[in-house]
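Take a look at the structure set out below.
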Amino acid sequence: MLLRIVIDLLIAVGLIFALAGTKGVLKMPDTFCRMQASTCISTLGILGVCLGGLLYAIFVMHSPATAVKVALIGALVLFTNPIGSHAIAKGAYQAGIRPEKPMETDDYGRDFDE
């Protein structure tokens, strides 16, 4: 009973983070802020759901194969989501998209000799 509550809470936390990320994408002023909201929050959302799914696969389903698949999905999201968003941000900067407010530190400008 307690395990099922923990699993449901983890999945609910993942859902809340995913919804917060969606709201962040809609409310943020520029491309870079939207990307930060979508990447960080979606990573936390997926990890919450994956932890809940992992516990469910191990203790309720008793399926090691499913647990390995869920753990692999979580690990791939954890490692690829930040790298992908960095590549997209760098591509957006190179395409000429800039934040509305001036940046305090412009490391991308240094990379592109601007």
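We label chains A, B, ... in the order they appear in the structure tokens, count residues from 1 in each chain, and number ligands from 1 in the order shown.
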
Next on the checklist: Show me, as a PyMOL selection string, the residues that have an atom within 8 Å of Ser42 in chain A when counting only C-alpha atoms, minus same-chain residues fewer than 3 positions from it.
Outcome noted: chain A and resi 17-18+21+37-39+45-46

Next on the checklist: Under the rule that only C-alpha atoms are counted, which of A:Ala95, A:Leu10, A:Met61, A:Leu47 is the nearest residue to Asn81 in chain A?
Outcome noted: A:Leu47

Helix (DSSP H, G or I) residues, from DSSP on the backbone, in range 10-108 of chain A, as a PDB file with C-alpha atoms, in the first residue's frame:
```pdb
ATOM      1  CA  LEU A  10       6.483  10.174  -8.125  1.00  0.00           C
ATOM      2  CA  ILE A  11       4.307  10.032 -11.219  1.00  0.00           C
ATOM      3  CA  ALA A  12       2.255  12.996  -9.964  1.00  0.00           C
ATOM      4  CA  VAL A  13       5.431  15.004  -9.328  1.00  0.00           C
ATOM      5  CA  GLY A  14       6.584  14.205 -12.867  1.00  0.00           C
ATOM      6  CA  LEU A  15       3.226  15.364 -14.199  1.00  0.00           C
ATOM      7  CA  ILE A  16       3.404  18.612 -12.205  1.00  0.00           C
ATOM      8  CA  PHE A  17       6.897  19.357 -13.551  1.00  0.00           C
ATOM      9  CA  ALA A  18       5.736  18.615 -17.102  1.00  0.00           C
ATOM     10  CA  LEU A  19       2.772  20.962 -16.712  1.00  0.00           C
ATOM     11  CA  ALA A  20       4.996  23.662 -15.211  1.00  0.00           C
ATOM     12  CA  GLY A  21       7.341  23.317 -18.182  1.00  0.00           C
ATOM     13  CA  THR A  22       4.421  23.706 -20.562  1.00  0.00           C
ATOM     14  CA  LYS A  23       3.296  26.859 -18.771  1.00  0.00           C
ATOM     15  CA  GLY A  24       6.887  28.133 -18.828  1.00  0.00           C
ATOM     16  CA  VAL A  25       7.138  27.645 -22.577  1.00  0.00           C
ATOM     17  CA  LEU A  26       3.943  29.638 -23.058  1.00  0.00           C
ATOM     18  CA  LYS A  27       4.859  32.471 -20.651  1.00  0.00           C
ATOM     19  CA  THR A  31      13.588  31.675 -27.350  1.00  0.00           C
ATOM     20  CA  PHE A  32      16.345  31.036 -24.852  1.00  0.00           C
ATOM     21  CA  CYS A  33      14.065  31.334 -21.811  1.00  0.00           C
ATOM     22  CA  ARG A  34      11.529  29.027 -23.433  1.00  0.00           C
ATOM     23  CA  MET A  35      14.235  26.507 -24.184  1.00  0.00           C
ATOM     24  CA  GLN A  36      15.465  26.582 -20.595  1.00  0.00           C
ATOM     25  CA  ALA A  37      11.947  26.021 -19.286  1.00  0.00           C
ATOM     26  CA  SER A  38      11.242  23.180 -21.666  1.00  0.00           C
ATOM     27  CA  THR A  39      14.551  21.408 -21.098  1.00  0.00           C
ATOM     28  CA  CYS A  40      14.998  21.600 -17.335  1.00  0.00           C
ATOM     29  CA  ILE A  41      11.416  21.010 -16.396  1.00  0.00           C
ATOM     30  CA  SER A  42      10.793  18.246 -18.917  1.00  0.00           C
ATOM     31  CA  THR A  43      13.918  16.447 -17.727  1.00  0.00           C
ATOM     32  CA  LEU A  44      12.651  16.544 -14.148  1.00  0.00           C
ATOM     33  CA  GLY A  45       9.178  15.497 -15.289  1.00  0.00           C
ATOM     34  CA  ILE A  46      10.448  12.497 -17.220  1.00  0.00           C
ATOM     35  CA  LEU A  47      12.711  11.451 -14.350  1.00  0.00           C
ATOM     36  CA  GLY A  48       9.810  11.535 -11.873  1.00  0.00           C
ATOM     37  CA  VAL A  49       7.701   9.379 -14.160  1.00  0.00           C
ATOM     38  CA  CYS A  50      10.640   7.046 -14.850  1.00  0.00           C
ATOM     39  CA  LEU A  51      11.363   6.581 -11.137  1.00  0.00           C
ATOM     40  CA  GLY A  52       7.715   5.777 -10.522  1.00  0.00           C
ATOM     41  CA  GLY A  53       7.684   3.397 -13.476  1.00  0.00           C
ATOM     42  CA  LEU A  54      10.905   1.773 -12.322  1.00  0.00           C
ATOM     43  CA  LEU A  55       9.518   1.090  -8.857  1.00  0.00           C
ATOM     44  CA  TYR A  56       6.312  -0.220 -10.409  1.00  0.00           C
ATOM     45  CA  ALA A  57       8.220  -2.547 -12.755  1.00  0.00           C
ATOM     46  CA  ILE A  58      10.436  -3.905  -9.986  1.00  0.00           C
ATOM     47  CA  PHE A  59       8.026  -4.313  -7.086  1.00  0.00           C
ATOM     48  CA  VAL A  60       4.573  -4.680  -8.642  1.00  0.00           C
ATOM     49  CA  PRO A  64      13.425  -7.021 -14.691  1.00  0.00           C
ATOM     50  CA  ALA A  65      13.226  -6.510 -18.460  1.00  0.00           C
ATOM     51  CA  THR A  66      10.714  -3.684 -18.079  1.00  0.00           C
ATOM     52  CA  ALA A  67      12.769  -2.149 -15.261  1.00  0.00           C
ATOM     53  CA  VAL A  68      15.872  -2.111 -17.463  1.00  0.00           C
ATOM     54  CA  LYS A  69      13.936  -0.464 -20.309  1.00  0.00           C
ATOM     55  CA  VAL A  70      12.510   2.225 -18.028  1.00  0.00           C
ATOM     56  CA  ALA A  71      15.945   2.880 -16.476  1.00  0.00           C
ATOM     57  CA  LEU A  72      17.496   3.136 -19.946  1.00  0.00           C
ATOM     58  CA  ILE A  73      14.853   5.624 -21.082  1.00  0.00           C
ATOM     59  CA  GLY A  74      15.463   7.743 -17.972  1.00  0.00           C
ATOM     60  CA  ALA A  75      19.233   7.672 -18.464  1.00  0.00           C
ATOM     61  CA  LEU A  76      18.958   8.613 -22.140  1.00  0.00           C
ATOM     62  CA  VAL A  77      16.678  11.552 -21.356  1.00  0.00           C
ATOM     63  CA  LEU A  78      18.959  12.662 -18.530  1.00  0.00           C
ATOM     64  CA  PHE A  79      22.014  12.765 -20.793  1.00  0.00           C
ATOM     65  CA  THR A  80      20.586  13.808 -24.177  1.00  0.00           C
ATOM     66  CA  ASN A  81      18.059  16.491 -23.231  1.00  0.00           C
ATOM     67  CA  PRO A  82      20.597  19.092 -21.960  1.00  0.00           C
ATOM     68  CA  ILE A  83      23.006  18.378 -24.817  1.00  0.00           C
ATOM     69  CA  GLY A  84      20.254  18.740 -27.398  1.00  0.00           C
ATOM     70  CA  SER A  85      19.000  21.994 -25.937  1.00  0.00           C
ATOM     71  CA  HIS A  86      22.530  23.421 -25.890  1.00  0.00           C
ATOM     72  CA  ALA A  87      22.947  22.540 -29.563  1.00  0.00           C
ATOM     73  CA  ILE A  88      19.595  24.139 -30.414  1.00  0.00           C
ATOM     74  CA  ALA A  89      20.479  27.290 -28.437  1.00  0.00           C
ATOM     75  CA  LYS A  90      23.815  27.589 -30.201  1.00  0.00           C
ATOM     76  CA  GLY A  91      22.127  27.120 -33.568  1.00  0.00           C
ATOM     77  CA  ALA A  92      19.527  29.775 -32.718  1.00  0.00           C
ATOM     78  CA  TYR A  93      22.262  32.197 -31.705  1.00  0.00           C
ATOM     79  CA  GLN A  94      24.174  31.513 -34.904  1.00  0.00           C
ATOM     80  CA  ASP A 107      29.892  33.179 -24.504  1.00  0.00           C
ATOM     81  CA  TYR A 108      28.240  32.322 -27.819  1.00  0.00           C
TER      82      TYR A 108
END
```

Checklist entry - Using only C-alpha atoms, which residue out of A:His62, A:Arg4, A:Lys101, A:Arg110 lies closest to Pro29 in chain A? => result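 Using only C-alpha atoms, the shortest distance to Pro29 in chain A belongs to A:Lys101.
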
Item to check | Pairwise distance for CA of Asp111 in chain A and CA of Met28 in chain A, rounded to one decimal in Å | outcome: 25.5 Å
